[in-house]
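Chemist: coords-v2.txt is the file, holding compact mmCIF, C-alpha atoms:
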# COMPACT_ATOMS: atom_id res chain seq x y z
CA MET X 1 109.97 36.34 150.40
CA LYS X 2 113.15 38.04 149.32
CA LYS X 3 114.87 36.66 146.28
CA ARG X 4 118.57 36.02 146.79
CA THR X 5 121.23 35.78 144.11
CA GLN X 6 123.82 33.04 144.24
CA THR X 7 127.27 34.39 144.88
CA ALA X 8 129.89 34.31 142.18
CA MET X 9 132.56 34.87 144.81
CA ILE X 10 132.64 31.21 145.85
CA ALA X 11 133.96 30.23 142.46
CA LEU X 12 136.11 33.33 142.29
CA SER X 13 137.77 32.73 145.66
CA ALA X 14 138.54 29.13 144.76
CA ALA X 15 140.01 30.20 141.46
CA LEU X 16 142.11 32.86 143.17
CA LEU X 17 143.60 30.37 145.59
CA VAL X 18 144.49 27.81 142.95
CA LEU X 19 145.07 29.74 139.78
CA SER X 20 146.03 33.32 140.59
CA GLY X 21 149.54 32.71 139.26
CA CYS X 22 148.39 31.37 135.92
CA GLY X 23 148.47 33.22 132.63
CA GLN X 24 151.27 33.20 130.10
CA THR X 25 153.61 36.11 129.56
CA GLY X 26 152.61 38.06 126.53
CA ALA X 27 154.72 39.76 123.90
CA SER X 28 156.05 43.17 124.80
CA ALA X 29 154.14 46.27 123.81
CA GLY X 30 156.74 47.05 121.20
CA SER X 31 156.13 43.77 119.41
CA ALA X 32 152.40 44.34 118.96
CA PRO X 33 151.35 44.16 115.32
CA ALA X 34 150.45 47.38 113.60
CA ALA X 35 146.82 48.10 112.89
CA SER X 36 145.51 46.59 109.68
CA SER X 37 144.45 49.05 107.00
CA THR X 38 141.68 46.72 105.83
CA ALA X 39 138.95 44.72 107.51
CA ALA X 40 140.00 41.44 105.89
CA ALA X 41 141.60 38.75 108.05
CA PRO X 42 145.38 38.49 107.45
CA ALA X 43 146.49 35.31 105.75
CA GLY X 44 147.45 32.49 108.10
CA GLU X 45 145.89 34.10 111.15
CA SER X 46 142.64 33.30 112.89
CA ASN X 47 139.85 35.71 112.08
CA LYS X 48 137.96 34.83 115.27
CA VAL X 49 137.87 37.34 118.12
CA VAL X 50 136.20 36.45 121.42
CA ILE X 51 135.29 39.28 123.79
CA TYR X 52 134.18 38.69 127.38
CA THR X 53 132.14 41.54 128.83
CA PRO X 54 129.88 42.31 131.82
CA THR X 55 128.30 45.29 130.08
CA GLU X 56 124.63 45.96 129.39
CA ASP X 57 122.81 44.06 126.64
CA TYR X 58 122.10 47.14 124.54
CA LEU X 59 125.77 48.16 124.71
CA ILE X 60 126.71 44.67 123.55
CA GLU X 61 124.29 45.06 120.65
CA TYR X 62 125.82 48.43 119.78
CA MET X 63 129.39 47.11 119.81
CA GLN X 64 128.46 43.94 117.92
CA GLN X 65 126.81 46.00 115.18
CA ARG X 66 129.77 48.37 114.82
CA LEU X 67 132.30 45.53 114.75
CA ASP X 68 130.33 43.44 112.27
CA GLU X 69 130.01 46.43 109.94
CA GLN X 70 133.72 47.26 110.15
CA PHE X 71 135.03 43.68 109.99
CA PRO X 72 132.69 41.57 107.84
CA ASP X 73 135.41 38.94 107.34
CA TYR X 74 136.11 38.54 111.04
CA ASP X 75 134.16 36.22 113.33
CA ILE X 76 133.66 38.47 116.37
CA SER X 77 131.56 37.43 119.35
CA LEU X 78 130.78 39.31 122.57
CA GLU X 79 130.01 36.92 125.44
CA TYR X 80 128.25 38.27 128.52
CA TYR X 81 129.18 37.29 132.10
CA HIS X 82 128.53 38.96 135.43
CA SER X 83 131.75 40.64 136.58
CA GLY X 84 132.57 38.06 139.27
CA ASP X 85 131.80 35.16 136.95
CA LEU X 86 133.97 36.69 134.23
CA ALA X 87 136.94 37.02 136.59
CA ALA X 88 136.51 33.49 137.91
CA LYS X 89 136.25 32.11 134.38
CA LEU X 90 139.43 33.83 133.22
CA LEU X 91 141.34 32.67 136.28
CA ALA X 92 140.12 29.10 135.81
CA GLU X 93 140.89 29.04 132.09
CA GLY X 94 144.31 30.63 132.42
CA ALA X 95 146.44 30.53 129.27
CA ASP X 96 143.96 28.17 127.60
CA THR X 97 141.15 30.71 127.49
CA ALA X 98 139.32 31.40 124.25
CA CYS X 99 138.93 35.00 125.36
CA ASP X 100 140.98 37.55 123.44
CA ILE X 101 139.65 40.83 124.84
CA VAL X 102 137.94 41.83 128.07
CA PHE X 103 135.66 44.80 127.40
CA ASP X 104 134.09 47.28 129.84
CA CYS X 105 135.17 45.49 133.00
CA GLU X 106 135.55 47.34 136.31
CA TYR X 107 139.14 48.32 137.17
CA GLY X 108 139.23 46.31 140.40
CA TYR X 109 138.74 43.07 138.48
CA LEU X 110 141.22 44.11 135.79
CA GLN X 111 143.83 44.85 138.48
CA MET X 112 143.21 41.45 140.04
CA LEU X 113 143.68 39.78 136.63
CA SER X 114 146.61 41.94 135.49
CA ASP X 115 149.05 39.01 135.35
CA ASN X 116 146.82 37.49 132.69
CA PHE X 117 146.92 40.58 130.47
CA ALA X 118 149.34 41.96 127.90
CA GLU X 119 150.67 45.50 127.82
CA ILE X 120 148.78 47.66 125.35
CA GLY X 121 151.49 49.79 123.82
CA PHE X 122 149.81 50.74 120.57
CA ILE X 123 147.09 53.00 122.03
CA ASP X 124 147.87 56.63 122.93
CA ASN X 125 147.40 56.83 126.70
CA SER X 126 147.69 60.62 126.82
CA GLN X 127 144.18 61.05 125.41
CA PHE X 128 142.76 59.98 128.78
CA VAL X 129 142.45 62.04 131.96
CA PRO X 130 145.15 61.11 134.51
CA ASP X 131 142.94 59.30 137.03
CA MET X 132 141.80 56.89 134.31
CA GLN X 133 145.29 55.85 133.16
CA ASP X 134 146.97 52.58 134.14
CA PRO X 135 150.74 53.18 134.33
CA ALA X 136 151.38 49.50 133.54
CA ARG X 137 149.19 49.80 130.43
CA LYS X 138 147.45 46.48 131.18
CA TYR X 139 144.11 48.12 130.50
CA MET X 140 142.80 51.14 128.63
CA PRO X 141 139.76 53.18 129.74
CA VAL X 142 136.39 52.42 128.22
CA ASP X 143 134.07 54.42 130.46
CA ARG X 144 133.40 55.67 133.97
CA TYR X 145 130.07 54.88 135.55
CA SER X 146 128.46 56.01 138.77
CA GLY X 147 125.70 54.77 141.01
CA SER X 148 122.89 56.81 142.48
CA VAL X 149 119.67 56.41 144.42
CA ILE X 150 116.80 56.54 141.95
CA VAL X 151 113.16 56.91 142.97
CA ASN X 152 109.92 56.36 141.12
CA THR X 153 108.19 59.62 142.05
CA GLN X 154 104.82 58.38 140.84
CA ILE X 155 104.81 55.36 143.15
CA LEU X 156 105.96 57.41 146.13
CA GLN X 157 103.25 59.98 145.45
CA GLU X 158 100.58 57.30 145.13
CA LYS X 159 101.66 55.81 148.46
CA GLY X 160 101.89 59.22 150.12
CA LEU X 161 105.59 58.74 150.85
CA PRO X 162 108.26 61.45 150.80
CA ILE X 163 111.32 61.37 148.58
CA PRO X 164 114.25 60.22 150.78
CA GLU X 165 117.00 62.75 151.38
CA SER X 166 119.68 60.52 152.87
CA TYR X 167 120.80 56.93 153.26
CA GLN X 168 119.44 57.04 156.79
CA ASP X 169 116.00 57.88 155.44
CA LEU X 170 116.01 54.57 153.55
CA LEU X 171 115.90 52.74 156.90
CA ASP X 172 112.45 54.09 157.69
CA PRO X 173 109.90 51.23 157.91
CA MET X 174 107.60 53.15 155.55
CA TYR X 175 109.88 52.03 152.71
CA GLN X 176 109.69 48.33 153.64
CA GLY X 177 109.58 46.14 150.55
CA LEU X 178 110.07 49.11 148.21
CA ILE X 179 113.86 49.11 147.79
CA GLU X 180 116.09 47.11 145.46
CA MET X 181 119.87 47.03 145.21
CA PRO X 182 122.40 44.84 143.39
CA ASP X 183 123.99 41.99 145.31
CA PRO X 184 127.58 43.18 145.96
CA THR X 185 128.91 39.63 145.54
CA ALA X 186 127.42 39.33 142.06
CA SER X 187 127.49 42.91 140.79
CA SER X 188 130.27 45.48 140.66
CA THR X 189 127.64 48.18 141.09
CA GLY X 190 126.40 46.62 144.31
CA TYR X 191 129.94 46.48 145.62
CA LEU X 192 130.47 50.17 144.80
CA PHE X 193 127.64 51.15 147.13
CA LEU X 194 129.14 49.00 149.88
CA LYS X 195 132.67 50.34 149.39
CA SER X 196 131.59 53.97 149.23
CA LEU X 197 129.84 53.71 152.60
CA VAL X 198 132.74 51.77 154.12
CA ASN X 199 134.98 54.66 153.09
CA ALA X 200 132.52 57.27 154.33
CA TRP X 201 131.58 55.73 157.68
CA GLY X 202 134.04 52.97 158.47
CA GLU X 203 133.58 49.24 157.96
CA ASP X 204 131.60 48.44 161.11
CA GLU X 205 129.09 51.25 160.67
CA ALA X 206 128.62 50.51 156.97
CA PHE X 207 127.89 46.82 157.54
CA ALA X 208 125.58 47.68 160.42
CA TYR X 209 123.74 50.00 158.07
CA PHE X 210 123.20 47.34 155.42
CA ASP X 211 122.04 44.90 158.10
CA LYS X 212 119.31 47.41 158.98
CA LEU X 213 118.53 48.24 155.36
CA ASP X 214 117.95 44.54 154.68
CA ALA X 215 114.57 44.81 156.41
CA ASN X 216 113.37 47.17 153.65
CA ILE X 217 114.93 45.33 150.68
CA LEU X 218 112.50 43.74 148.25
CA GLN X 219 115.19 42.05 146.17
CA TYR X 220 118.95 41.83 145.68
CA THR X 221 119.62 41.67 141.95
CA GLY X 222 122.43 40.06 140.00
CA GLY X 223 123.00 43.03 137.70
CA GLY X 224 123.64 46.71 138.34
CA SER X 225 120.87 48.03 136.11
CA ALA X 226 118.13 45.64 137.25
CA PRO X 227 116.95 47.75 140.22
CA VAL X 228 116.38 50.90 138.17
CA LYS X 229 114.65 48.90 135.44
CA ASP X 230 112.33 47.52 138.12
CA ALA X 231 111.77 51.03 139.46
CA ALA X 232 110.82 52.22 135.97
CA SER X 233 108.36 49.34 135.54
CA GLY X 234 106.82 49.91 138.97
CA GLU X 235 108.11 46.76 140.65
CA CYS X 236 109.91 48.82 143.28
CA ALA X 237 109.93 52.48 144.28
CA ILE X 238 113.59 53.04 145.20
CA ALA X 239 116.63 51.67 143.44
CA LEU X 240 120.32 51.74 144.29
CA SER X 241 121.48 51.45 140.72
CA LEU X 242 123.29 52.94 137.73
CA THR X 243 123.06 56.63 136.91
CA PHE X 244 123.42 56.22 133.16
CA LYS X 245 120.60 53.67 132.98
CA ALA X 246 118.36 55.96 135.00
CA VAL X 247 119.03 58.76 132.50
CA ASP X 248 118.14 56.44 129.61
CA LEU X 249 114.86 55.48 131.24
CA ILE X 250 114.00 59.08 132.16
CA ASN X 251 114.60 60.10 128.55
CA GLU X 252 112.18 57.34 127.54
CA GLY X 253 109.52 58.83 129.79
CA ALA X 254 109.90 56.89 133.05
CA PRO X 255 108.83 58.89 136.18
CA LEU X 256 112.23 58.61 137.85
CA GLN X 257 114.36 61.07 139.81
CA ILE X 258 118.10 60.71 140.41
CA LEU X 259 119.38 61.47 143.92
CA PHE X 260 122.94 61.97 145.18
CA PHE X 261 123.28 61.85 148.96
CA GLU X 262 125.87 63.56 151.14
CA GLU X 263 128.31 60.62 150.91
CA GLY X 264 128.57 61.11 147.15
CA ALA X 265 128.00 58.90 144.13
CA PRO X 266 129.85 55.57 144.17
CA TYR X 267 131.72 55.11 140.92
CA THR X 268 134.28 53.03 139.11
CA PRO X 269 136.26 53.24 135.91
CA ALA X 270 135.89 50.35 133.48
CA GLY X 271 138.42 49.31 130.88
CA LEU X 272 139.58 47.07 128.07
CA SER X 273 142.34 44.45 128.33
CA ILE X 274 143.94 41.95 125.98
CA VAL X 275 144.67 38.45 127.25
CA SER X 276 148.42 37.83 127.31
CA GLY X 277 149.68 36.29 124.09
CA HIS X 278 146.55 37.25 122.18
CA GLU X 279 147.97 40.67 121.33
CA GLN X 280 149.92 38.80 118.65
CA LYS X 281 146.69 38.20 116.69
CA GLN X 282 146.23 40.87 114.07
CA ALA X 283 142.44 40.60 114.31
CA VAL X 284 142.61 41.45 118.03
CA VAL X 285 144.81 44.48 117.41
CA ASP X 286 142.50 45.63 114.63
CA VAL X 287 139.45 45.45 116.90
CA VAL X 288 141.14 47.36 119.73
CA ASN X 289 142.50 50.02 117.38
CA TYR X 290 139.08 50.41 115.84
CA PHE X 291 137.43 50.97 119.20
CA TYR X 292 139.93 53.72 120.06
CA SER X 293 139.30 55.49 116.78
CA ASP X 294 135.99 57.29 116.39
CA VAL X 295 134.00 54.50 118.06
CA ILE X 296 134.93 55.46 121.62
CA ASP X 297 133.74 59.03 121.10
CA ASP X 298 130.40 57.82 119.72
CA TYR X 299 130.13 55.26 122.51
CA LEU X 300 130.75 57.82 125.24
CA SER X 301 128.55 60.58 123.83
CA THR X 302 125.70 58.15 123.17
CA TYR X 303 125.74 55.99 126.29
CA LEU X 304 128.20 56.81 129.08
CA PRO X 305 129.25 60.47 129.06
CA GLU X 306 131.05 60.64 132.41
CA GLN X 307 134.53 61.94 131.64
CA ILE X 308 137.41 59.65 130.75
CA LYS X 309 139.01 61.60 127.87
CA VAL X 310 140.71 64.98 127.80
CA GLY X 311 138.27 67.54 126.39
CA GLN X 312 135.35 65.11 126.36
CA VAL X 313 131.97 66.76 125.78
CA ASN X 314 128.72 65.49 127.33
CA THR X 315 125.85 65.67 124.84
CA THR X 316 123.43 63.23 126.48
CA PRO X 317 120.13 65.00 127.28
CA GLY X 318 119.43 65.29 130.99
CA TYR X 319 122.68 63.70 132.14
CA PRO X 320 123.70 65.06 135.57
CA THR X 321 126.59 67.48 135.52
CA ASP X 322 129.09 67.97 138.34
CA ILE X 323 128.32 64.59 139.86
CA PRO X 324 129.56 64.61 143.50
CA TYR X 325 131.70 61.46 143.38
CA ALA X 326 132.21 59.48 146.57
CA ASP X 327 135.56 58.58 148.08
CA MET X 328 136.44 55.28 146.36
CA SER X 329 140.05 55.06 147.54
CA ASP X 330 141.71 51.82 148.64
CA ASN X 331 139.57 49.87 146.19
CA THR X 332 142.05 47.04 145.72
CA PRO X 333 141.24 43.40 144.93
CA ASP X 334 142.35 42.28 148.39
CA VAL X 335 140.12 44.82 150.12
CA LYS X 336 137.24 43.89 147.86
CA GLU X 337 137.61 40.18 148.56
CA ALA X 338 137.71 40.81 152.31
CA LEU X 339 134.62 43.02 152.27
CA LEU X 340 132.60 40.64 150.12
CA ALA X 341 133.52 37.74 152.38
CA LYS X 342 131.63 39.57 155.15
CA TRP X 343 128.49 40.19 153.09
CA ASP X 344 125.73 37.79 154.13
CA HIS X 345 122.49 39.10 152.60
Could you render the structure as structure tokens?
Modeler:
Amino acid sequence: MKKRTQTAMIALSAALLVLSGCGQTGASAGSAPAASSTAAAPAGESNKVVIYTPTEDYLIEYMQQRLDEQFPDYDISLEYYHSGDLAAKLLAEGADTACDIVFDCEYGYLQMLSDNFAEIGFIDNSQFVPDMQDPARKYMPVDRYSGSVIVNTQILQEKGLPIPESYQDLLDPMYQGLIEMPDPTASSTGYLFLKSLVNAWGEDEAFAYFDKLDANILQYTGGGSAPVKDAASGECAIALSLTFKAVDLINEGAPLQILFFEEGAPYTPAGLSIVSGHEQKQAVVDVVNYFYSDVIDDYLSTYLPEQIKVGQVNTTPGYPTDIPYADMSDNTPDVKEALLAKWDH
């Protein structure tokens, strides 16, 4: 029996209808406090910083360690939510949210929530490549991540099955029960695969394709990295999942191979935002400034080397170069909501 994830879009759609206008107006970028020269909490200000993030657990651990080391007198917590749940929670909480910073969230969600965010005027935007910049400065780039089709070559060899060469190959009954992909309604990564094929083939053909692919799906997962983790552990043979996680697992010895089909690799930029009004907290400004010091370079070179900065160098062993990115145009919140409303798997 296929396992199905519960959709976060029910809560998100309700929140959009009722609360999309909420969120207080923040201070202007020019009024943002200057970065603190010390890690101590300024007198009279809260030293607590709450960060909502949909990122991977090991990335959360990395950021938590760096922040705790830099700011021992601050109380900094990173709270994990799936992307759709995070957006719904922020919309529901409005101006009363405890969240100060949204970290590593896909641009589509950040655009949808832009009325809830402050301008970030104290970070140099010119350090980023043009297609990663937000002219309104409501979010700053954190990383760019792509999806790919990843196969466990050992399992396929044991079963006497060929390595697929196209999306159409994945429809072959010989792969029945061997494929996993993220649920687009619960995972930004899952949605990226859907949107890339909608752009490549048209909406009707793309949805017809996923209706056929459903017969071969073992499981729809709630997170973008779950399918490739399952492929590495032998629970499935083919994963529509995250490229960077596949590289990590390959470097750890997993028998995986990364495939990019003719339609290209679905991808999205992810960014950082400050909840409107919270840019007035010195601790929040300190944390954001710290990330855009040397931390971002370490973060990118260690974990997610796809280019977001001018002159960025990829030093991750085995990371694919010249990734053939898919057409991800017209990836607006309205389009996303309409497409996800049609998803019924």
Chemist: Can you tell me which residues surround Leu110 in chain X at a distance of at most 9 Å, considering only C-alpha atoms, apart from same-chain residues fewer than 2 positions away, and format the answer as an mmCIF file with C-alpha atoms, in the coordinates of the input?
Modeler:
data_model
loop_
_atom_site.group_PDB
_atom_site.id
_atom_site.type_symbol
_atom_site.label_atom_id
_atom_site.label_comp_id
_atom_site.auth_asym_id
_atom_site.auth_seq_id
_atom_site.Cartn_x
_atom_site.Cartn_y
_atom_site.Cartn_z
ATOM 1 C CA ALA X 87 136.940 37.020 136.590
ATOM 2 C CA VAL X 102 137.940 41.830 128.070
ATOM 3 C CA CYS X 105 135.170 45.490 133.000
ATOM 4 C CA GLU X 106 135.550 47.340 136.310
ATOM 5 C CA TYR X 107 139.140 48.320 137.170
ATOM 6 C CA GLY X 108 139.230 46.310 140.400
ATOM 7 C CA MET X 112 143.210 41.450 140.040
ATOM 8 C CA LEU X 113 143.680 39.780 136.630
ATOM 9 C CA SER X 114 146.610 41.940 135.490
ATOM 10 C CA PHE X 117 146.920 40.580 130.470
ATOM 11 C CA LYS X 138 147.450 46.480 131.180
ATOM 12 C CA TYR X 139 144.110 48.120 130.500
ATOM 13 C CA ALA X 270 135.890 50.350 133.480
ATOM 14 C CA GLY X 271 138.420 49.310 130.880
ATOM 15 C CA LEU X 272 139.580 47.070 128.070
ATOM 16 C CA SER X 273 142.340 44.450 128.330
#
Chemist: For Val310 in chain X, which residue among X:Pro227, X:Asp172, X:Ala206, X:Asp297 is the nearest when counting all atoms listed in the file?
Modeler: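 Using all atoms listed in the file, the shortest distance to Val310 in chain X belongs to X:Asp297.
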Chemist: Quick one: of X:Ser301, X:Ser83, X:Asn216, X:Thr268, who's nearest to Thr53 in chain X, counting only C-alpha atoms?
Modeler: X:Ser83
Chemist: In Å, how far is it from CA of Glu56 in chain X to CA of Val198 in chain X?
Modeler: 26.7 Å
Chemist: Do you know which residues are at most 8 Å from Ser77 in chain X counting all atoms listed in the file, after dropping those on the same chain fewer than 3 positions away, and could you put them as a PyMOL selection string?
Modeler: chain X and resi 49-51+64
Chemist: Any chance you could export the current selection's C-alpha atoms as a PDB file, in the coordinates of the input?
Modeler:
ATOM      1  CA  VAL X  49     137.870  37.340 118.120  1.00  0.00           C
ATOM      2  CA  VAL X  50     136.200  36.450 121.420  1.00  0.00           C
ATOM      3  CA  ILE X  51     135.290  39.280 123.790  1.00  0.00           C
ATOM      4  CA  GLN X  64     128.460  43.940 117.920  1.00  0.00           C
TER       5      GLN X  64
END
Chemist: Could you check the closest approach to Asn199 in chain X for each of X:Asp286, X:Asp248, X:Asp100, X:Asp330 and tell me which residue wins, using all atoms listed in the file?
Modeler: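 Under the stated criterion, the closest residue is X:Asp330.
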Chemist: Of the candidates X:Met140, X:Val288, X:Val295, X:Leu156, which one gets nearest to Ala231 in chain X if we count all atoms listed in the file?
Modeler: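 Ranked by minimum distance to Ala231 in chain X, first place goes to X:Leu156.
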Chemist: Return the single residue from X:Ala254, X:Val313, X:Ala136, X:Val285 that is closest to Gln111 in chain X, with distances computed using only C-alpha atoms.
Modeler: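 So, comparing all the options, the nearest one is X:Ala136.
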Chemist: I'd like the interatomic distance between CA of Thr243 in chain X and CA of Pro130 in chain X, to a tenth of an Å.
Modeler: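 Rounded to one decimal, the two atoms are 22.7 Å apart.
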Chemist: Which is closest to Ser166 in chain X among X:Pro320, X:Gly121, X:Pro141, X:Gly264, if we use only C-alpha atoms?
Modeler: X:Gly264
Chemist: Quick check, in Å to one decimal: how far apart do CA of Ile163 in chain X and CA of Glu262 in chain X lie?
Modeler: 14.9 Å
Chemist: Name the residues in contact with Gln312 in chain X at a cut-off of 12 Å, using all atoms listed in the file, excluding same-chain residues fewer than 3 positions from it; report them as a list in words.
Modeler: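 Listing them by chain and then by number gives Gln127, Phe128, Val129, Asp143, Ile296, Asp297, Asp298, Tyr299, Leu300, Ser301, Leu304, Pro305, Glu306, Gln307, Ile308, Lys309 and Thr315 of chain X.
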Chemist: Place N, CA, C and O atoms on range 241-256 of chain X and deliver the coordinates as an mmCIF file, keeping the file's coordinate frame.
Modeler:
data_model
loop_
_atom_site.group_PDB
_atom_site.id
_atom_site.type_symbol
_atom_site.label_atom_id
_atom_site.label_comp_id
_atom_site.auth_asym_id
_atom_site.auth_seq_id
_atom_site.Cartn_x
_atom_site.Cartn_y
_atom_site.Cartn_z
ATOM 1 N N SER X 241 121.216 51.992 142.052
ATOM 2 C CA SER X 241 121.480 51.450 140.720
ATOM 3 C C SER X 241 122.401 52.385 139.941
ATOM 4 O O SER X 241 123.114 53.204 140.516
ATOM 5 N N LEU X 242 122.373 52.249 138.616
ATOM 6 C CA LEU X 242 123.290 52.940 137.730
ATOM 7 C C LEU X 242 122.714 54.260 137.226
ATOM 8 O O LEU X 242 121.597 54.309 136.704
ATOM 9 N N THR X 243 123.514 55.311 137.331
ATOM 10 C CA THR X 243 123.060 56.630 136.910
ATOM 11 C C THR X 243 122.743 56.662 135.422
ATOM 12 O O THR X 243 121.710 57.207 135.010
ATOM 13 N N PHE X 244 123.627 56.105 134.602
ATOM 14 C CA PHE X 244 123.420 56.220 133.160
ATOM 15 C C PHE X 244 122.150 55.501 132.709
ATOM 16 O O PHE X 244 121.454 55.965 131.800
ATOM 17 N N LYS X 245 121.828 54.380 133.358
ATOM 18 C CA LYS X 245 120.600 53.670 132.980
ATOM 19 C C LYS X 245 119.376 54.456 133.425
ATOM 20 O O LYS X 245 118.350 54.472 132.710
ATOM 21 N N ALA X 246 119.469 55.122 134.551
ATOM 22 C CA ALA X 246 118.360 55.960 135.000
ATOM 23 C C ALA X 246 118.108 57.086 133.998
ATOM 24 O O ALA X 246 116.952 57.398 133.677
ATOM 25 N N VAL X 247 119.176 57.705 133.490
ATOM 26 C CA VAL X 247 119.030 58.760 132.500
ATOM 27 C C VAL X 247 118.337 58.230 131.247
ATOM 28 O O VAL X 247 117.429 58.866 130.691
ATOM 29 N N ASP X 248 118.775 57.052 130.792
ATOM 30 C CA ASP X 248 118.140 56.440 129.610
ATOM 31 C C ASP X 248 116.649 56.279 129.820
ATOM 32 O O ASP X 248 115.842 56.608 128.938
ATOM 33 N N LEU X 249 116.275 55.758 130.969
ATOM 34 C CA LEU X 249 114.860 55.480 131.240
ATOM 35 C C LEU X 249 114.058 56.774 131.411
ATOM 36 O O LEU X 249 112.895 56.856 130.986
ATOM 37 N N ILE X 250 114.661 57.778 132.031
ATOM 38 C CA ILE X 250 114.000 59.080 132.160
ATOM 39 C C ILE X 250 113.752 59.675 130.775
ATOM 40 O O ILE X 250 112.668 60.215 130.490
ATOM 41 N N ASN X 251 114.749 59.563 129.895
ATOM 42 C CA ASN X 251 114.600 60.100 128.550
ATOM 43 C C ASN X 251 113.554 59.328 127.736
ATOM 44 O O ASN X 251 113.053 59.841 126.731
ATOM 45 N N GLU X 252 113.244 58.116 128.180
ATOM 46 C CA GLU X 252 112.180 57.340 127.540
ATOM 47 C C GLU X 252 110.819 57.601 128.165
ATOM 48 O O GLU X 252 109.810 57.033 127.739
ATOM 49 N N GLY X 253 110.790 58.451 129.202
ATOM 50 C CA GLY X 253 109.520 58.830 129.790
ATOM 51 C C GLY X 253 109.222 58.247 131.158
ATOM 52 O O GLY X 253 108.139 58.485 131.710
ATOM 53 N N ALA X 254 110.147 57.485 131.739
ATOM 54 C CA ALA X 254 109.900 56.890 133.050
ATOM 55 C C ALA X 254 109.866 57.982 134.130
ATOM 56 O O ALA X 254 110.665 58.930 134.097
ATOM 57 N N PRO X 255 108.968 57.862 135.124
ATOM 58 C CA PRO X 255 108.830 58.890 136.180
ATOM 59 C C PRO X 255 109.880 58.708 137.276
ATOM 60 O O PRO X 255 109.562 58.431 138.441
ATOM 61 N N LEU X 256 111.130 58.856 136.917
ATOM 62 C CA LEU X 256 112.230 58.610 137.850
ATOM 63 C C LEU X 256 112.939 59.917 138.191
ATOM 64 O O LEU X 256 112.982 60.849 137.382
#
